[in-house]
>>> print(open('upload29.csv').read())   # CSV, C-alpha atoms
chain,number,residue,atom,x,y,z
A,801,MET,CA,9.1,-14.3,14.5
A,802,ILE,CA,6.0,-12.6,15.8
A,803,ASN,CA,7.3,-13.2,19.4
A,804,TYR,CA,10.4,-11.2,18.7
A,805,ILE,CA,8.5,-8.4,17.0
A,806,ILE,CA,6.0,-8.0,19.9
A,807,THR,CA,8.8,-7.9,22.5
A,808,LEU,CA,10.8,-5.5,20.5
A,809,PHE,CA,7.8,-3.2,20.0
A,810,ILE,CA,7.1,-3.2,23.8
A,811,MET,CA,10.8,-2.5,24.6
A,812,ALA,CA,10.9,0.3,22.0
A,813,SER,CA,7.7,1.9,23.3
A,814,ILE,CA,9.1,1.9,26.8
A,815,VAL,CA,12.4,3.5,25.7
A,816,PHE,CA,10.6,6.1,23.6
A,817,SER,CA,8.1,7.0,26.3
A,818,ILE,CA,11.0,7.6,28.7
A,819,ILE,CA,12.6,9.8,26.1
A,820,ASN,CA,9.4,11.7,25.3
A,821,GLY,CA,8.3,11.8,29.0
A,822,ASN,CA,4.9,10.3,28.5
A,823,ILE,CA,5.0,7.1,30.5
A,824,SER,CA,1.5,7.8,32.0
A,825,GLN,CA,0.0,7.8,28.5
A,826,LEU,CA,1.8,4.5,27.8
A,827,SER,CA,0.2,2.8,30.8
A,828,GLN,CA,-3.2,4.2,30.0
A,829,ALA,CA,-2.8,2.9,26.4
A,830,ILE,CA,-2.4,-0.6,27.7
A,831,LEU,CA,-5.7,-0.5,29.6
A,832,GLN,CA,-7.5,1.1,26.7
A,833,ALA,CA,-6.2,-1.2,24.0
A,834,SER,CA,-7.6,-4.5,25.2
A,835,GLY,CA,-11.1,-2.9,25.4
A,836,SER,CA,-10.8,-1.4,21.9
A,837,ALA,CA,-9.6,-4.8,20.6
A,838,LEU,CA,-12.9,-6.3,21.8
A,839,LYS,CA,-14.9,-3.4,20.3
A,840,THR,CA,-13.1,-3.8,17.0
A,841,ALA,CA,-13.9,-7.5,16.8
A,842,ALA,CA,-17.5,-6.8,17.7
A,843,SER,CA,-17.9,-4.2,15.0
A,844,LEU,CA,-16.4,-6.6,12.5
A,845,ALA,CA,-18.2,-9.7,13.6
A,846,GLY,CA,-21.7,-8.5,12.4
A,847,ALA,CA,-20.5,-7.5,8.9
A,848,MET,CA,-18.3,-10.6,8.6
A,849,ALA,CA,-21.2,-12.9,9.6
A,850,LEU,CA,-23.5,-11.2,7.1
A,851,TRP,CA,-21.0,-11.6,4.3
A,852,GLY,CA,-20.3,-15.2,5.3
A,853,GLY,CA,-24.1,-15.9,5.1
A,854,VAL,CA,-24.5,-14.3,1.7
A,855,MET,CA,-21.5,-16.1,0.3
A,856,GLN,CA,-22.6,-19.4,1.6
A,857,VAL,CA,-25.9,-18.9,-0.3
A,858,ALA,CA,-23.9,-17.9,-3.4
A,859,GLU,CA,-21.9,-21.1,-3.1
A,860,LYS,CA,-24.8,-23.4,-2.5
A,861,SER,CA,-26.7,-22.0,-5.5
A,862,GLY,CA,-23.7,-22.7,-7.7
A,863,LEU,CA,-23.1,-19.0,-8.4
A,864,THR,CA,-19.4,-19.1,-7.3
A,865,ASN,CA,-18.8,-21.9,-9.7
A,866,LYS,CA,-20.3,-19.8,-12.5
A,867,ILE,CA,-18.0,-16.9,-11.6
A,868,ALA,CA,-15.0,-19.3,-11.6
A,869,LEU,CA,-15.9,-20.3,-15.2
A,870,LEU,CA,-15.8,-16.6,-16.2
A,871,LEU,CA,-12.1,-16.6,-15.0
A,872,LYS,CA,-11.1,-19.2,-17.6
A,873,LYS,CA,-9.7,-16.8,-20.1
A,874,PRO,CA,-7.6,-14.6,-17.8
A,875,VAL,CA,-6.3,-17.7,-15.9
A,876,SER,CA,-5.2,-19.5,-19.0
A,877,LEU,CA,-3.3,-16.3,-20.0
A,878,LEU,CA,-1.5,-16.4,-16.7
A,879,PHE,CA,-0.9,-20.2,-16.7
A,880,PRO,CA,-0.3,-21.0,-20.4
A,881,SER,CA,1.3,-24.4,-19.6
A,882,ILE,CA,-1.7,-25.7,-17.6
A,883,SER,CA,-4.5,-27.3,-19.5
A,884,SER,CA,-7.9,-25.7,-18.8
A,885,GLU,CA,-9.4,-29.1,-18.3
A,886,SER,CA,-7.1,-30.1,-15.5
A,887,THR,CA,-8.0,-30.1,-11.8
A,888,ALA,CA,-5.1,-27.8,-11.1
A,889,PHE,CA,-6.7,-25.2,-13.5
A,890,LYS,CA,-10.1,-25.5,-11.9
A,891,THR,CA,-8.8,-25.2,-8.4
A,892,ILE,CA,-6.9,-22.1,-9.3
A,893,CYS,CA,-10.1,-20.6,-10.8
A,894,MET,CA,-12.0,-21.4,-7.6
A,895,ASN,CA,-9.2,-20.0,-5.4
A,896,ILE,CA,-9.2,-16.7,-7.3
A,897,THR,CA,-13.0,-16.5,-7.1
A,898,ALA,CA,-12.9,-17.0,-3.3
A,899,ASN,CA,-10.3,-14.2,-3.1
A,900,ILE,CA,-12.4,-11.8,-5.2
A,901,LEU,CA,-15.5,-12.5,-3.2
A,902,GLY,CA,-13.7,-12.1,0.1
A,903,LEU,CA,-14.1,-15.7,1.2
A,904,GLY,CA,-10.8,-15.8,3.0
A,905,ASN,CA,-11.4,-19.1,4.8
A,906,ALA,CA,-12.3,-20.8,1.6
A,907,ALA,CA,-9.5,-19.3,-0.5
A,908,THR,CA,-6.6,-20.6,1.6
A,909,PRO,CA,-7.4,-24.4,1.5
A,910,LEU,CA,-8.2,-24.1,-2.3
A,911,GLY,CA,-4.9,-22.3,-2.8
A,912,ILE,CA,-3.0,-25.0,-1.0
A,913,LYS,CA,-4.8,-27.7,-3.0
A,914,ALA,CA,-3.8,-25.8,-6.2
A,915,MET,CA,-0.2,-25.6,-5.0
A,916,LYS,CA,-0.1,-29.4,-4.6
A,917,HIS,CA,-1.5,-29.9,-8.1
A,918,LEU,CA,1.0,-27.5,-9.5
A,919,ASN,CA,3.8,-29.4,-7.8
A,920,ASN,CA,3.1,-32.3,-10.1
A,921,CYS,CA,2.9,-30.2,-13.3
A,922,GLU,CA,5.7,-29.0,-15.5
A,923,ASN,CA,7.2,-25.6,-15.1
A,924,LYS,CA,6.2,-25.7,-11.5
A,925,ALA,CA,8.5,-23.0,-10.0
A,926,ARG,CA,7.0,-20.4,-12.3
A,927,ASN,CA,3.4,-21.5,-11.9
A,928,MET,CA,3.6,-21.7,-8.1
A,929,ALA,CA,5.1,-18.2,-8.0
A,930,MET,CA,2.3,-16.9,-10.1
A,931,LEU,CA,-0.4,-18.5,-7.9
A,932,VAL,CA,1.2,-17.2,-4.8
A,933,VAL,CA,1.5,-13.7,-6.2
A,934,LEU,CA,-2.2,-13.8,-7.2
A,935,ASN,CA,-2.9,-14.6,-3.6
A,936,THR,CA,-0.6,-12.1,-1.9
A,937,SER,CA,-2.1,-9.3,-3.9
A,938,SER,CA,-5.6,-10.5,-4.2
A,939,ILE,CA,-8.2,-8.6,-6.0
A,940,GLN,CA,-11.0,-7.5,-3.7
A,941,LEU,CA,-14.5,-6.7,-4.8
A,942,ILE,CA,-16.2,-6.2,-1.5
A,943,PRO,CA,-13.9,-4.7,1.3
A,944,ILE,CA,-16.2,-5.8,4.1
A,945,THR,CA,-13.8,-5.5,7.0
A,946,VAL,CA,-12.5,-2.1,5.9
A,947,ALA,CA,-16.1,-0.8,5.4
A,948,ALA,CA,-17.2,-2.1,8.8
A,949,LEU,CA,-14.2,-0.6,10.6
A,950,ARG,CA,-14.8,2.8,8.8
A,951,MET,CA,-18.4,2.8,9.9
A,952,SER,CA,-17.6,2.0,13.5
A,953,HIS,CA,-15.4,5.1,13.5
A,954,GLY,CA,-18.1,7.4,12.2
A,955,SER,CA,-17.4,7.4,8.5
A,956,GLN,CA,-20.2,9.1,6.6
A,957,THR,CA,-19.4,7.0,3.5
A,958,PRO,CA,-18.1,3.6,4.7
A,959,TRP,CA,-18.4,2.0,1.3
A,960,ASP,CA,-16.9,4.7,-0.8
A,961,CYS,CA,-13.5,3.1,-0.8
A,962,THR,CA,-14.9,0.0,-2.7
A,963,PHE,CA,-14.1,1.2,-6.2
A,964,PRO,CA,-10.6,2.6,-5.4
A,965,ILE,CA,-9.7,-0.6,-3.6
A,966,PHE,CA,-10.8,-2.6,-6.6
A,967,ILE,CA,-8.7,-0.6,-9.0
A,968,VAL,CA,-5.6,-0.5,-6.7
A,969,SER,CA,-5.7,-4.3,-6.0
A,970,LEU,CA,-6.2,-4.9,-9.8
A,971,LEU,CA,-3.1,-2.8,-10.6
A,972,SER,CA,-1.1,-4.5,-7.9
A,973,VAL,CA,-2.0,-8.0,-9.2
A,974,ILE,CA,-1.1,-6.9,-12.7
A,975,ALA,CA,2.3,-5.6,-11.5
A,976,GLY,CA,2.9,-8.8,-9.6
A,977,CYS,CA,2.0,-11.0,-12.5
A,978,ILE,CA,4.2,-9.0,-14.9
A,979,MET,CA,7.1,-9.3,-12.4
A,980,VAL,CA,6.7,-13.1,-12.2
A,981,SER,CA,6.5,-13.4,-16.0
A,982,VAL,CA,9.6,-11.3,-16.5
A,983,LEU,CA,11.6,-13.0,-13.7
A,984,TYR,CA,10.8,-16.5,-14.8
A,985,MET,CA,11.1,-15.8,-18.6
A,986,HIS,CA,14.8,-15.4,-17.9
A,987,GLY,CA,15.0,-18.7,-16.1
A,988,ARG,CA,13.4,-20.5,-18.9
A,989,LYS,CA,15.9,-19.3,-21.5
A,990,LYS,CA,18.8,-20.8,-19.5
B,1233,MET,CA,-25.5,8.4,-4.0
B,1234,SER,CA,-22.5,6.7,-5.4
B,1235,LEU,CA,-22.2,3.6,-7.5
B,1236,SER,CA,-20.5,1.6,-4.7
B,1237,ASP,CA,-23.5,2.4,-2.4
B,1238,LEU,CA,-25.7,0.6,-4.9
B,1239,LEU,CA,-23.2,-2.3,-5.5
B,1240,ILE,CA,-23.5,-4.0,-2.1
B,1241,PRO,CA,-27.3,-4.2,-1.8
B,1242,LEU,CA,-27.5,-5.2,-5.5
B,1243,ILE,CA,-25.0,-8.1,-5.0
B,1244,ILE,CA,-26.9,-9.4,-2.0
B,1245,CYS,CA,-30.2,-9.1,-3.9
B,1246,LEU,CA,-28.8,-10.9,-7.0
B,1247,VAL,CA,-27.3,-13.7,-5.0
B,1248,PHE,CA,-30.7,-14.3,-3.3
B,1249,ILE,CA,-32.7,-14.2,-6.5
B,1250,TYR,CA,-30.3,-16.6,-8.2
B,1251,ALA,CA,-30.5,-18.9,-5.1
B,1252,LEU,CA,-34.3,-18.7,-5.2
B,1253,ILE,CA,-34.3,-19.9,-8.9
B,1254,LYS,CA,-31.9,-22.7,-7.9
B,1255,LYS,CA,-34.2,-23.6,-5.0
B,1256,VAL,CA,-31.7,-23.1,-2.3
B,1257,ASP,CA,-32.9,-22.9,1.3
B,1258,ILE,CA,-31.6,-19.4,1.6
B,1259,PHE,CA,-32.5,-18.8,5.3
B,1260,ASN,CA,-30.8,-21.9,6.7
B,1261,VAL,CA,-27.8,-21.8,4.3
B,1262,PHE,CA,-27.3,-18.1,5.3
B,1263,ILE,CA,-27.3,-18.9,9.0
B,1264,GLN,CA,-24.8,-21.7,8.5
B,1265,GLY,CA,-22.4,-19.4,6.6
B,1266,ALA,CA,-22.9,-16.5,9.1
B,1267,LYS,CA,-22.1,-18.8,12.0
B,1268,GLU,CA,-18.9,-19.9,10.3
B,1269,ASN,CA,-17.7,-16.4,9.9
B,1270,LEU,CA,-18.9,-15.4,13.4
B,1271,LEU,CA,-16.5,-18.0,14.8
B,1272,ILE,CA,-13.7,-16.6,12.7
B,1273,ALA,CA,-14.5,-13.2,14.2
B,1274,VAL,CA,-14.3,-14.6,17.7
B,1275,ASP,CA,-11.0,-16.2,16.9
B,1276,LEU,CA,-9.8,-12.8,15.9
B,1277,ILE,CA,-10.2,-11.4,19.4
B,1278,PRO,CA,-7.2,-12.9,21.3
B,1279,PRO,CA,-4.6,-11.9,18.7
B,1280,LEU,CA,-6.2,-8.5,18.4
B,1281,ILE,CA,-5.9,-8.0,22.1
B,1282,ILE,CA,-2.1,-8.6,22.2
B,1283,LEU,CA,-1.4,-6.8,18.9
B,1284,LEU,CA,-3.6,-3.8,19.6
B,1285,THR,CA,-2.0,-3.5,23.0
B,1286,THR,CA,1.5,-3.4,21.6
B,1287,ILE,CA,0.5,-1.1,18.8
B,1288,GLU,CA,-1.3,1.3,21.1
B,1289,MET,CA,1.9,1.3,23.3
B,1290,LEU,CA,4.0,2.1,20.3
B,1291,SER,CA,1.7,4.9,19.3
B,1292,ALA,CA,1.2,6.4,22.8
B,1293,SER,CA,5.0,6.4,23.5
B,1294,GLY,CA,5.7,8.3,20.3
B,1295,THR,CA,7.6,5.5,18.6
B,1296,ILE,CA,5.4,5.4,15.6
B,1297,SER,CA,5.6,9.1,15.0
B,1298,ALA,CA,9.4,8.9,15.4
B,1299,LEU,CA,9.5,6.1,12.9
B,1300,SER,CA,7.2,7.9,10.5
B,1301,GLY,CA,9.4,11.0,10.8
B,1302,LEU,CA,12.4,8.9,9.9
B,1303,LEU,CA,10.8,7.5,6.8
B,1304,SER,CA,9.1,10.8,5.9
B,1305,PRO,CA,11.6,11.7,3.1
B,1306,LEU,CA,10.7,8.5,1.3
B,1307,THR,CA,6.9,8.7,1.9
B,1308,GLN,CA,6.9,12.4,1.0
B,1309,ALA,CA,8.5,11.7,-2.3
B,1310,LEU,CA,5.8,9.1,-3.0
B,1311,GLY,CA,3.1,11.5,-1.8
B,1312,PHE,CA,2.2,9.0,0.8
B,1313,PRO,CA,0.6,10.4,4.1
B,1314,SER,CA,3.0,9.8,7.0
B,1315,GLU,CA,0.2,8.6,9.2
B,1316,CYS,CA,-0.1,5.5,7.1
B,1317,THR,CA,3.5,4.5,7.2
B,1318,SER,CA,3.0,2.1,10.2
B,1319,LEU,CA,0.1,0.4,8.3
B,1320,ALA,CA,2.2,0.0,5.2
B,1321,LEU,CA,5.0,-1.5,7.3
B,1322,ILE,CA,2.9,-4.1,9.1
B,1323,ARG,CA,0.5,-5.0,6.3
B,1324,PRO,CA,2.7,-7.6,4.6
B,1325,ILE,CA,3.6,-9.2,7.9
B,1326,SER,CA,0.5,-9.7,9.9
B,1327,GLY,CA,-3.2,-9.5,9.0
B,1328,SER,CA,-4.6,-9.0,12.5
B,1329,GLY,CA,-1.6,-6.6,13.2
B,1330,ALA,CA,-2.7,-4.5,10.3
B,1331,LEU,CA,-6.3,-4.5,11.5
B,1332,ALA,CA,-5.0,-3.4,14.9
B,1333,VAL,CA,-3.0,-0.5,13.3
B,1334,LEU,CA,-6.0,0.6,11.2
B,1335,GLU,CA,-8.2,0.5,14.3
B,1336,SER,CA,-5.7,2.7,16.2
B,1337,LEU,CA,-5.3,5.0,13.2
B,1338,PHE,CA,-9.0,5.6,12.9
B,1339,GLY,CA,-9.0,6.5,16.6
B,1340,ASP,CA,-6.6,9.4,15.8
B,1341,ILE,CA,-7.8,10.5,12.3
B,1342,SER,CA,-11.2,10.5,10.7
B,1343,PRO,CA,-11.8,7.6,8.2
B,1344,ASP,CA,-13.1,10.2,5.8
B,1345,SER,CA,-9.9,12.3,5.9
B,1346,TYR,CA,-7.3,12.0,3.2
B,1347,ALA,CA,-5.0,9.8,5.3
B,1348,GLY,CA,-7.9,7.8,6.5
B,1349,ARG,CA,-9.0,7.0,3.0
B,1350,VAL,CA,-5.5,6.1,1.9
B,1351,ALA,CA,-5.3,3.8,4.9
B,1352,SER,CA,-8.6,2.2,3.9
B,1353,VAL,CA,-7.5,1.7,0.3
B,1354,LEU,CA,-4.2,0.3,1.4
B,1355,MET,CA,-5.7,-2.1,3.9
B,1356,GLY,CA,-8.3,-3.3,1.4
B,1357,SER,CA,-6.1,-3.7,-1.7
B,1358,SER,CA,-3.1,-5.5,-0.1
B,1359,GLU,CA,-2.6,-8.8,1.6
B,1360,THR,CA,-0.5,-10.5,4.3
B,1361,THR,CA,2.3,-11.2,1.8
B,1362,PHE,CA,4.8,-13.0,4.0
B,1363,TYR,CA,2.2,-15.1,5.8
B,1364,THR,CA,0.7,-16.2,2.5
B,1365,ILE,CA,4.0,-17.1,1.0
B,1366,ALA,CA,4.9,-19.1,4.1
B,1367,VAL,CA,1.6,-21.0,4.2
B,1368,TYR,CA,1.6,-21.8,0.5
B,1369,TYR,CA,5.2,-23.0,0.2
B,1370,SER,CA,5.3,-24.9,3.4
B,1371,ALA,CA,2.2,-26.8,2.2
B,1372,VAL,CA,4.2,-28.3,-0.7
B,1373,ARG,CA,7.5,-28.4,1.4
B,1374,ILE,CA,9.4,-26.2,-1.0
B,1375,LYS,CA,11.5,-23.2,-0.1
B,1376,ALA,CA,10.2,-20.1,-1.6
B,1377,GLU,CA,12.7,-18.5,-4.1
B,1378,SER,CA,13.7,-14.9,-3.8
B,1379,LYS,CA,11.9,-14.2,-7.1
B,1380,VAL,CA,8.6,-15.0,-5.3
B,1381,PHE,CA,9.3,-12.4,-2.7
B,1382,VAL,CA,10.5,-9.8,-5.3
B,1383,SER,CA,7.2,-10.3,-7.3
B,1384,SER,CA,4.9,-10.2,-4.3
B,1385,LEU,CA,6.6,-7.1,-2.8
B,1386,THR,CA,6.4,-5.4,-6.2
B,1387,ALA,CA,2.7,-5.9,-6.0
B,1388,ASP,CA,2.6,-4.5,-2.4
B,1389,PHE,CA,4.7,-1.5,-3.4
B,1390,THR,CA,2.3,-0.8,-6.3
B,1391,CYS,CA,-0.5,-0.8,-3.6
B,1392,PHE,CA,1.4,1.8,-1.5
B,1393,VAL,CA,2.0,4.1,-4.4
B,1394,PHE,CA,-1.3,3.9,-6.1
B,1395,SER,CA,-3.4,4.0,-2.9
B,1396,ALA,CA,-2.2,7.5,-2.3
B,1397,LEU,CA,-2.5,8.5,-6.0
B,1398,ILE,CA,-6.0,7.1,-6.4
B,1399,VAL,CA,-7.4,8.8,-3.3
B,1400,ARG,CA,-6.2,12.1,-4.6
B,1401,LEU,CA,-7.8,11.4,-8.0
B,1402,PHE,CA,-11.1,10.3,-6.6
B,1403,TYR,CA,-11.8,12.9,-3.9
>>> encode(input="upload29.csv", output="structure tokens")
Amino acid sequence: MINYIITLFIMASIVFSIINGNISQLSQAILQASGSALKTAASLAGAMALWGGVMQVAEKSGLTNKIALLLKKPVSLLFPSISSESTAFKTICMNITANILGLGNAATPLGIKAMKHLNNCENKARNMAMLVVLNTSSIQLIPITVAALRMSHGSQTPWDCTFPIFIVSLLSVIAGCIMVSVLYMHGRKK
Amino acid sequence: MSLSDLLIPLIICLVFIYALIKKVDIFNVFIQGAKENLLIAVDLIPPLIILLTTIEMLSASGTISALSGLLSPLTQALGFPSECTSLALIRPISGSGALAVLESLFGDISPDSYAGRVASVLMGSSETTFYTIAVYYSAVRIKAESKVFVSSLTADFTCFVFSALIVRLFY
């Protein structure tokens, strides 16, 4: 799909630049973009590496597992049919923890593992939907990439979006979870 | 000084203190984790090059402003800055694409402006919905139901609406 999107974008930009008469800007943009792609990655790389290091320390010390334990209550609310002693439950807790801490590369394998566990449990359609919604609207505590990008573009307060991001992502998770509960409640009655 | 300025150093400090108590070799463990993420950052470069090129082309040709203009009745009704429309459209589809849009956006508007802040909040609070659904459901070889898409997109839509609202509330 991405192949079609890219080609379509390029075609559209050529058509529009002919209409707007700014073809020279278009050809300049091509040259500039590859350079700024490299700059973007460079400005992100440092912050990402820093966060990866800190979180690796948190993981080795067992801190992430402690945080996962804190999630027991809310997770059992969202997955009432899953026993809190099961591996499925524990994997879900760890998946959410990884998401909250911004450990993207750890979150996805954990999430996939949890999906496989849920596949063998009862009420799987609903529980899988719940897990996926939790991941598509993940709560974020430390918006490291956003802050790094803001700083590289001269923001005076690169971190000041942290709290708003936390609130908005929390609200969106709640909205998604309510939607799953409502949609699948109907299915259960049938 | 704001609370979020204190949050980051505090988290790093607490993580290290806890690791010291648990006798973790902080320095070497840190290096290992940092290296892992550095490799991820390097992997990000090639997709960013192609995506940022197409997005800069769209932006330079005026396609994005034409599209934003087309959608402006909707975004205006939501109080959503029209500069962020392209970010909202690409965010659920591609993560590196959204990063490229944000980068290009910050080139045009200040990250500390109203639209820049809305873009930051939007980027941070939402996820690559379609990609995530595809990865998770293909892992168990099940076709995702439409209910899953409805729920996830509800969450995304909540992000769009509230990111504009909260920025106006906070600043």
>>> residues_around(input="upload29.csv", residues="His953 in chain A", least_positions_apart="4", cutoff="7 Å", atoms="all atoms listed in the file", output="PyMOL selection string")
(chain A and resi 949) or (chain B and resi 1338+1343)
>>> residues_near_point(input="upload29.csv", point="(0.8, -24.1, -18.2)", cutoff="10 Å", atoms="all atoms listed in the file", output="PyMOL selection string")
chain A and resi 875-884+888-889+918+921-924+926-927
>>> residues_around(input="upload29.csv", residues="Leu826 in chain A", least_positions_apart="5", cutoff="8 Å", atoms="only C-alpha atoms", output="ChimeraX atom specification")
/A:813-814,817 /B:1289,1292-1293
>>> write_last_selection(input="upload29.csv", atoms="C-alpha atoms", output="PDB file, in the frame of the given file")
ATOM      1  CA  SER A 813       7.700   1.900  23.300  1.00  0.00           C
ATOM      2  CA  ILE A 814       9.100   1.900  26.800  1.00  0.00           C
ATOM      3  CA  SER A 817       8.100   7.000  26.300  1.00  0.00           C
TER       4      SER A 817
ATOM      5  CA  MET B1289       1.900   1.300  23.300  1.00  0.00           C
ATOM      6  CA  ALA B1292       1.200   6.400  22.800  1.00  0.00           C
ATOM      7  CA  SER B1293       5.000   6.400  23.500  1.00  0.00           C
TER       8      SER B1293
END
>>> residues_around(input="upload29.csv", residues="Glu859 in chain A", least_positions_apart="5", cutoff="10 Å", atoms="all atoms listed in the file", output="list in words")
Gly853, Val854, Thr864, Asn865, Lys866 and Ala898 of chain A; Val1247, Ala1251, Val1261 and Gly1265 of chain B
>>> residues_around(input="upload29.csv", residues="range 1331-1337 of chain B", least_positions_apart="5", cutoff="9 Å", atoms="only C-alpha atoms", output="number ranges by chain")
A: 833, 836-837, 840, 945-946, 949-950, 953; B: 1280-1281, 1283-1285, 1287-1288, 1291, 1315-1316, 1318-1319, 1322-1323, 1326, 1342-1343, 1348, 1351-1352, 1355
>>> write_last_selection(input="upload29.csv", atoms="C-alpha atoms", output="mmCIF file, in the coordinates of the input")
data_model
loop_
_atom_site.group_PDB
_atom_site.id
_atom_site.type_symbol
_atom_site.label_atom_id
_atom_site.label_comp_id
_atom_site.auth_asym_id
_atom_site.auth_seq_id
_atom_site.Cartn_x
_atom_site.Cartn_y
_atom_site.Cartn_z
ATOM 1 C CA ALA A 833 -6.200 -1.200 24.000
ATOM 2 C CA SER A 836 -10.800 -1.400 21.900
ATOM 3 C CA ALA A 837 -9.600 -4.800 20.600
ATOM 4 C CA THR A 840 -13.100 -3.800 17.000
ATOM 5 C CA THR A 945 -13.800 -5.500 7.000
ATOM 6 C CA VAL A 946 -12.500 -2.100 5.900
ATOM 7 C CA LEU A 949 -14.200 -0.600 10.600
ATOM 8 C CA ARG A 950 -14.800 2.800 8.800
ATOM 9 C CA HIS A 953 -15.400 5.100 13.500
ATOM 10 C CA LEU B 1280 -6.200 -8.500 18.400
ATOM 11 C CA ILE B 1281 -5.900 -8.000 22.100
ATOM 12 C CA LEU B 1283 -1.400 -6.800 18.900
ATOM 13 C CA LEU B 1284 -3.600 -3.800 19.600
ATOM 14 C CA THR B 1285 -2.000 -3.500 23.000
ATOM 15 C CA ILE B 1287 0.500 -1.100 18.800
ATOM 16 C CA GLU B 1288 -1.300 1.300 21.100
ATOM 17 C CA SER B 1291 1.700 4.900 19.300
ATOM 18 C CA GLU B 1315 0.200 8.600 9.200
ATOM 19 C CA CYS B 1316 -0.100 5.500 7.100
ATOM 20 C CA SER B 1318 3.000 2.100 10.200
ATOM 21 C CA LEU B 1319 0.100 0.400 8.300
ATOM 22 C CA ILE B 1322 2.900 -4.100 9.100
ATOM 23 C CA ARG B 1323 0.500 -5.000 6.300
ATOM 24 C CA SER B 1326 0.500 -9.700 9.900
ATOM 25 C CA SER B 1342 -11.200 10.500 10.700
ATOM 26 C CA PRO B 1343 -11.800 7.600 8.200
ATOM 27 C CA GLY B 1348 -7.900 7.800 6.500
ATOM 28 C CA ALA B 1351 -5.300 3.800 4.900
ATOM 29 C CA SER B 1352 -8.600 2.200 3.900
ATOM 30 C CA MET B 1355 -5.700 -2.100 3.900
#
>>> closest_residue(input="upload29.csv", among="A:Ala842, A:Met951, A:Met811, A:Ile892", to="Ala907 in chain A", atoms="all atoms listed in the file")
A:Ile892
>>> residues_around(input="upload29.csv", residues="Gly1301 in chain B", least_positions_apart="3", cutoff="12 Å", atoms="only C-alpha atoms", output="PDB file with C-alpha atoms, in the coordinates of the input")
ATOM      1  CA  GLY B1294       5.700   8.300  20.300  1.00  0.00           C
ATOM      2  CA  THR B1295       7.600   5.500  18.600  1.00  0.00           C
ATOM      3  CA  ILE B1296       5.400   5.400  15.600  1.00  0.00           C
ATOM      4  CA  SER B1297       5.600   9.100  15.000  1.00  0.00           C
ATOM      5  CA  ALA B1298       9.400   8.900  15.400  1.00  0.00           C
ATOM      6  CA  SER B1304       9.100  10.800   5.900  1.00  0.00           C
ATOM      7  CA  PRO B1305      11.600  11.700   3.100  1.00  0.00           C
ATOM      8  CA  LEU B1306      10.700   8.500   1.300  1.00  0.00           C
ATOM      9  CA  THR B1307       6.900   8.700   1.900  1.00  0.00           C
ATOM     10  CA  GLN B1308       6.900  12.400   1.000  1.00  0.00           C
ATOM     11  CA  PRO B1313       0.600  10.400   4.100  1.00  0.00           C
ATOM     12  CA  SER B1314       3.000   9.800   7.000  1.00  0.00           C
ATOM     13  CA  GLU B1315       0.200   8.600   9.200  1.00  0.00           C
ATOM     14  CA  CYS B1316      -0.100   5.500   7.100  1.00  0.00           C
ATOM     15  CA  THR B1317       3.500   4.500   7.200  1.00  0.00           C
ATOM     16  CA  SER B1318       3.000   2.100  10.200  1.00  0.00           C
TER      17      SER B1318
END
>>> atom_distance(input="upload29.csv", atom1="CA of Asp1344 in chain B", atom2="CA of Ser952 in chain A")
12.1 Å
>>> atom_distance(input="upload29.csv", atom1="CA of Asp1388 in chain B", atom2="CA of Ile867 in chain A")
25.7 Å
